[in-house]
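Visitor: This structure is in structure tokens; I'll ask about it shortly.
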Amino acid sequence: PGIIPAGTTTDQVGITMDWTATFAALAGDTAIRNTDEGIDLLPLLTGKQAPVDRTLYWRQQPGPKRKSTPRTRAVRQGSWKLLQLEDSPPQLFHLGEDPAEARDRSGSEPDRIQALNTLLDAWERLVNPPAPPE
């Protein structure tokens, strides 16, 4: 109250990690703002900043507690989202026209799939760099 007007909305694309940066900013911690782990949404919600273009990446992998979780990875750039489920062909969605991800457009957009897959591969190399030679 008194910071963000009631009923405020934004067209900013966001991801869960943005909440950490936003809550830290609200608590007065400026060290965590706008990192690879999220951005502070407060300037957007108060009208001090316009939405920014972002490419978002995420993945899900099996782990000690989620042994049966299938490997999944995705990238969103603009209104386009590429989703890759383990052992399945990639799926492509235009979220502006299809927010429920009901219409796979992969058959009509091979160049877009290739471009988004290249981004996703580069991101995975960044977050999981190859082990140095021994």
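Identifiers in this document derive from the order of the structure tokens: chains are assigned A, B, ..., residues are numbered from 1 separately in each chain, and ligands are numbered from 1 in order of occurrence.
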Would you pick out the contacts of Gln91 (chain A) at 7 Å or less, using only C-alpha atoms, so that residues sharing its chain but fewer than 6 positions from it are not included, and give the list as a ChimeraX atom specification?

Guide: /A:82-84,104,106

Visitor: Contacts of Pro70 (chain A) at 8 Å or less, counting only C-alpha atoms, minus same-chain residues fewer than 3 places along, as a count of residues only?

Guide: 5

Visitor: Out of chain A, which residues get helix (DSSP H, G or I) from DSSP, as a ChimeraX atom specification?

Guide: /A:17-26,42-45,106-108,110-127

Visitor: Write the residues of the preceding selection, restricted to C-alpha atoms, as an mmCIF file, in the first residue's frame.

Guide:
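Okay, this is what ended up in out-v6.cif:
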data_model
loop_
_atom_site.group_PDB
_atom_site.id
_atom_site.type_symbol
_atom_site.label_atom_id
_atom_site.label_comp_id
_atom_site.auth_asym_id
_atom_site.auth_seq_id
_atom_site.Cartn_x
_atom_site.Cartn_y
_atom_site.Cartn_z
ATOM 1 C CA MET A 17 13.104 -15.556 -9.749
ATOM 2 C CA ASP A 18 11.877 -11.972 -10.253
ATOM 3 C CA TRP A 19 10.032 -12.223 -6.948
ATOM 4 C CA THR A 20 13.320 -12.660 -5.068
ATOM 5 C CA ALA A 21 14.798 -9.505 -6.594
ATOM 6 C CA THR A 22 11.543 -7.589 -6.093
ATOM 7 C CA PHE A 23 11.096 -8.603 -2.448
ATOM 8 C CA ALA A 24 14.760 -7.833 -1.744
ATOM 9 C CA ALA A 25 14.300 -4.357 -3.243
ATOM 10 C CA LEU A 26 11.178 -3.795 -1.146
ATOM 11 C CA LEU A 42 9.009 -2.615 -8.621
ATOM 12 C CA PRO A 43 10.030 0.081 -11.163
ATOM 13 C CA LEU A 44 7.680 -1.520 -13.691
ATOM 14 C CA LEU A 45 4.788 -1.734 -11.245
ATOM 15 C CA SER A 106 6.464 -26.366 -34.967
ATOM 16 C CA GLY A 107 5.393 -27.686 -38.379
ATOM 17 C CA SER A 108 5.206 -24.207 -39.889
ATOM 18 C CA PRO A 110 11.351 -24.635 -38.649
ATOM 19 C CA ASP A 111 13.671 -21.601 -38.800
ATOM 20 C CA ARG A 112 12.254 -20.220 -35.564
ATOM 21 C CA ILE A 113 12.690 -23.604 -33.871
ATOM 22 C CA GLN A 114 16.320 -23.689 -34.978
ATOM 23 C CA ALA A 115 16.982 -20.131 -33.725
ATOM 24 C CA LEU A 116 15.341 -20.750 -30.345
ATOM 25 C CA ASN A 117 17.081 -24.106 -29.977
ATOM 26 C CA THR A 118 20.433 -22.375 -30.620
ATOM 27 C CA LEU A 119 19.656 -19.891 -27.818
ATOM 28 C CA LEU A 120 18.655 -22.705 -25.486
ATOM 29 C CA ASP A 121 21.814 -24.710 -26.225
ATOM 30 C CA ALA A 122 23.991 -21.632 -25.569
ATOM 31 C CA TRP A 123 22.206 -20.981 -22.255
ATOM 32 C CA GLU A 124 22.707 -24.574 -21.144
ATOM 33 C CA ARG A 125 26.437 -24.341 -21.920
ATOM 34 C CA LEU A 126 26.556 -21.149 -19.845
ATOM 35 C CA VAL A 127 24.832 -22.608 -16.779
#

Visitor: When distances are computed from only C-alpha atoms, which of A:Lys48, A:Asn128, A:Trp80, A:Pro64 shows the smallest separation from Glu109 (chain A)?

Guide: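 Nearest to Glu109 (chain A): A:Trp80.
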
Visitor: Counting only C-alpha atoms, which residue out of A:Gly38, A:Pro1, A:Gly96, A:Gly7 sits closest to Arg76 (chain A)?

Guide: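 Using only C-alpha atoms, the shortest distance to Arg76 (chain A) belongs to A:Gly96.
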
Visitor: Between A:Leu41, A:Ala50, A:Leu56, A:Ala100, single out the one closest to Arg73 (chain A), counting only C-alpha atoms.

Guide: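 Of the candidates, the smallest distance to Arg73 (chain A) is held by A:Leu56.
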
Visitor: CA of Ile4 (chain A) and CA of Thr46 (chain A) are how many Å apart?

Guide: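 Separating CA of Ile4 (chain A) from CA of Thr46 (chain A) is a distance of 5.5 Å.
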
Visitor: Taking only region 31-89 of chain A into account, list the residues labelled strand (DSSP E) by DSSP (computed from the backbone), as a list in words.

Guide: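 Output for region 31-89 of chain A, strand (DSSP E) only: Thr55, Leu56, Tyr57, Trp58, Arg59, Gln60, Thr72, Arg73, Ala74, Val75, Arg76, Gln77, Trp80, Lys81, Leu82, Leu83, Gln84 and Leu85 of chain A.
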